Protein chains: 2
Amino acid sequence: MSQQIVPDSLKRIERRRLDQGALPGLLGYRLRLAQQAVFRDFAASVHGLSPGRVGLLIYIDANPGVTQSRLAEAVERDRSTMVGALDQLQSRGLIERRRGDDRRTNGLWLTRAGRGLLARALRAIARHERRIAARLSAAQKRQLLALLDRIAG
Amino acid sequence: MSQQIVPDSLKRIERRRLDQGALPGLLGYRLRLAQQAVFRDFAASVHGLSPGRVGLLIYIDANPGVTQSRLAEAVERDRSTMVGALDQLQSRGLIERRRGDDRRTNGLWLTRAGRGLLARALRAIARHERRIAARLSAAQKRQLLALLDRIAG
DNA sequence: TAAGATTGTTTGATGTCCCAACAGATTGTG
DNA sequence: CACAATCTGTTGGGACATCAAACAATCTTA
């Protein structure tokens, strides 16, 4: 009954974009939107490796021989989380675990394949970064990074 | 053997903060750090509801009677993902599903309890927002939001 | 040397998400 | 009007990423 009375103009209103309520005013929400956009572009640029995994490769490359615990601490994850992540990278032949002098520890190293993949990924990331930064002037990018640092504390 | 030769000065170097390699230069990385900081503060402020779940409540509050599909579309999630999320909220007595005129659909509504919880959550979020924004001047916050929008596209 | 701490690991749990398939309901087309 | 196409919510299966607790091997300290 009510359906027959509703004019088309109202039906169109019903189909309008939803009201976002208080969401757009929240810094965290806007931050998330920006991050999602960047993540999408990253995923489209770098195939088969998430930002987090690339981050691990970068850390290991910059700190050859680092132990699992120290790496976990650096990226603020649990030791047990690191095991699975490193298993992935190792099973793909990208990293190597070598027992350390302290025989409780594993030192982590990039394999030749790992270095190759990282180099390729870094080139893709450089393109990705340029694509993102193209929406900003150099001064704006500096500004944004500075403001983000204030937020991150 | 080698262990006995390593001087303390070197050992201290080994314990230093890890080299972050190319990471700090990347916009996406800095964005993630800022978002993580905001997320931590959110979690400490709003207990028992993730930002995403609060987002759903805000949407439903602003669009009473919205269908599950439209809501899923608005937050860019699969329809089937929405089922579980709404089951959660419904089992906690925060929302209600009412069969729509189109009997395929469920219209979504906040219950009295849902409105109460949302009101409390919004007050907590307002405090959270002030705490975050306190690190910025009003002009800086405007600037940050504008820059984030450029990134988000 | 015995007690305590650290390291990597396993196991179990939580949370969030997607896809494929499906039945019921509605819409569009011939 | 009948029937194919489409839409809606749901289920079941799986993929990730994460943490906490417990454990054996190893190292450090008292």
# chains A, B, ... in the order shown; residues from 1 in each chain; ligands from 1
>>> interface_residues(of="chain A", to="chain C", cutoff="10 Å", atoms="only C-alpha atoms (C1' of nucleotides)", output="JSON, numbers by chain")
{"A": [67, 68, 69, 79, 80, 82, 83, 84, 102, 103, 104, 105, 106]}
>>> closest_atom_pairs(of="chain D", to="chain B", cutoff="12 Å", atoms="only C-alpha atoms (C1' of nucleotides)", output="JSON lines")
{"residue": "D:DC7", "atom": "C1'", "partner": "B:Arg104", "partner_atom": "CA", "distance": 8.2}
{"residue": "D:DT8", "atom": "C1'", "partner": "B:Arg104", "partner_atom": "CA", "distance": 5.2}
{"residue": "D:DG9", "atom": "C1'", "partner": "B:Thr105", "partner_atom": "CA", "distance": 7.2}
{"residue": "D:DT10", "atom": "C1'", "partner": "B:Ser80", "partner_atom": "CA", "distance": 7.4}
{"residue": "D:DT11", "atom": "C1'", "partner": "B:Ser80", "partner_atom": "CA", "distance": 9.1}
{"residue": "D:DG12", "atom": "C1'", "partner": "B:Ser80", "partner_atom": "CA", "distance": 11.2}
>>> interface_residues(of="chain A", to="chain B", cutoff="8 Å", atoms="only C-alpha atoms", output="VMD selection string")
chain A and resid 3 17 to 23 26 to 28 30 to 39 55 58 to 59 61 to 63 74 101 129 132 to 133 135 to 136 140 144 to 145 147 to 153
>>> atom_distance(atom1="atom CA of Leu108 of chain B", atom2="atom CA of Gly48 of chain B")
20.9 Å
>>> residues_around(residues="Arg120 of chain B", least_positions_apart="5", cutoff="12 Å", atoms="only C-alpha atoms (C1' of nucleotides)", output="number ranges by chain")
B: 45-47, 49, 54, 113-115, 125-127
>>> write_last_selection(atoms="C-alpha atoms", output="CSV table (one decimal), in the first residue's frame")
chain,number,residue,atom,x,y,z
B,45,SER,CA,38.8,4.8,24.8
B,46,VAL,CA,36.0,2.7,23.4
B,47,HIS,CA,35.7,-0.7,25.0
B,49,LEU,CA,33.5,-2.2,19.9
B,54,VAL,CA,31.0,1.6,15.7
B,113,ALA,CA,20.1,-0.2,23.9
B,114,GLY,CA,21.9,0.4,20.6
B,115,ARG,CA,21.2,4.1,20.7
B,125,ILE,CA,35.1,9.0,20.6
B,126,ALA,CA,34.8,12.8,21.0
B,127,ARG,CA,37.3,12.6,23.9
>>> atom_distance(atom1="atom CA of Pro64 of chain B", atom2="atom CA of Thr111 of chain B")
10.7 Å
>>> select_by_dssp(residues="chain B", states="helix (DSSP H, G or I)", output="ChimeraX atom specification")
/B:2-5,8-15,23-25,27-45,51-62,68-74,79-91,112-133,138-152
>>> select_by_dssp(residues="chain A", states="strand (DSSP E)", output="list in words")
Val66, Thr67, Ile95, Glu96, Arg97, Arg98, Arg99, Asn106, Gly107, Leu108, Trp109 and Leu110 of chain A
>>> write_last_selection(atoms="N, CA, C and O atoms", output="compact mmCIF listing (two decimals), in the first residue's frame")
# COMPACT_ATOMS: atom_id res chain seq x y z
N VAL A 66 69.81 -10.32 11.76
CA VAL A 66 68.93 -9.97 12.88
C VAL A 66 68.18 -11.21 13.36
O VAL A 66 67.85 -12.09 12.56
N THR A 67 67.92 -11.29 14.65
CA THR A 67 67.20 -12.45 15.18
C THR A 67 65.69 -12.25 15.04
O THR A 67 65.21 -11.13 14.88
N ILE A 95 64.18 -15.88 2.22
CA ILE A 95 65.07 -15.66 3.37
C ILE A 95 65.65 -16.99 3.84
O ILE A 95 65.20 -18.07 3.43
N GLU A 96 66.61 -16.87 4.71
CA GLU A 96 67.32 -18.01 5.25
C GLU A 96 67.44 -17.81 6.76
O GLU A 96 67.67 -16.68 7.21
N ARG A 97 67.24 -18.88 7.53
CA ARG A 97 67.48 -18.83 8.96
C ARG A 97 68.81 -19.53 9.23
O ARG A 97 68.99 -20.69 8.83
N ARG A 98 69.72 -18.85 9.91
CA ARG A 98 70.97 -19.50 10.29
C ARG A 98 71.09 -19.47 11.80
O ARG A 98 70.95 -18.41 12.42
N ARG A 99 71.37 -20.62 12.38
CA ARG A 99 71.54 -20.68 13.84
C ARG A 99 72.67 -19.75 14.25
O ARG A 99 73.76 -19.76 13.65
N ASN A 106 67.91 -17.62 15.79
CA ASN A 106 68.08 -17.73 14.35
C ASN A 106 68.45 -16.35 13.80
O ASN A 106 67.72 -15.38 14.03
N GLY A 107 69.57 -16.30 13.10
CA GLY A 107 69.89 -15.08 12.36
C GLY A 107 69.17 -15.13 11.02
O GLY A 107 69.03 -16.19 10.42
N LEU A 108 68.67 -13.99 10.58
CA LEU A 108 67.89 -13.94 9.33
C LEU A 108 68.68 -13.23 8.24
O LEU A 108 69.31 -12.20 8.48
N TRP A 109 68.63 -13.80 7.03
CA TRP A 109 69.35 -13.26 5.90
C TRP A 109 68.50 -13.39 4.65
O TRP A 109 67.74 -14.34 4.50
N LEU A 110 68.62 -12.44 3.76
CA LEU A 110 67.98 -12.58 2.45
C LEU A 110 68.79 -13.56 1.62
O LEU A 110 70.02 -13.56 1.66
>>> atom_distance(atom1="atom CA of Leu117 of chain B", atom2="atom CA of Leu94 of chain B")
7.7 Å
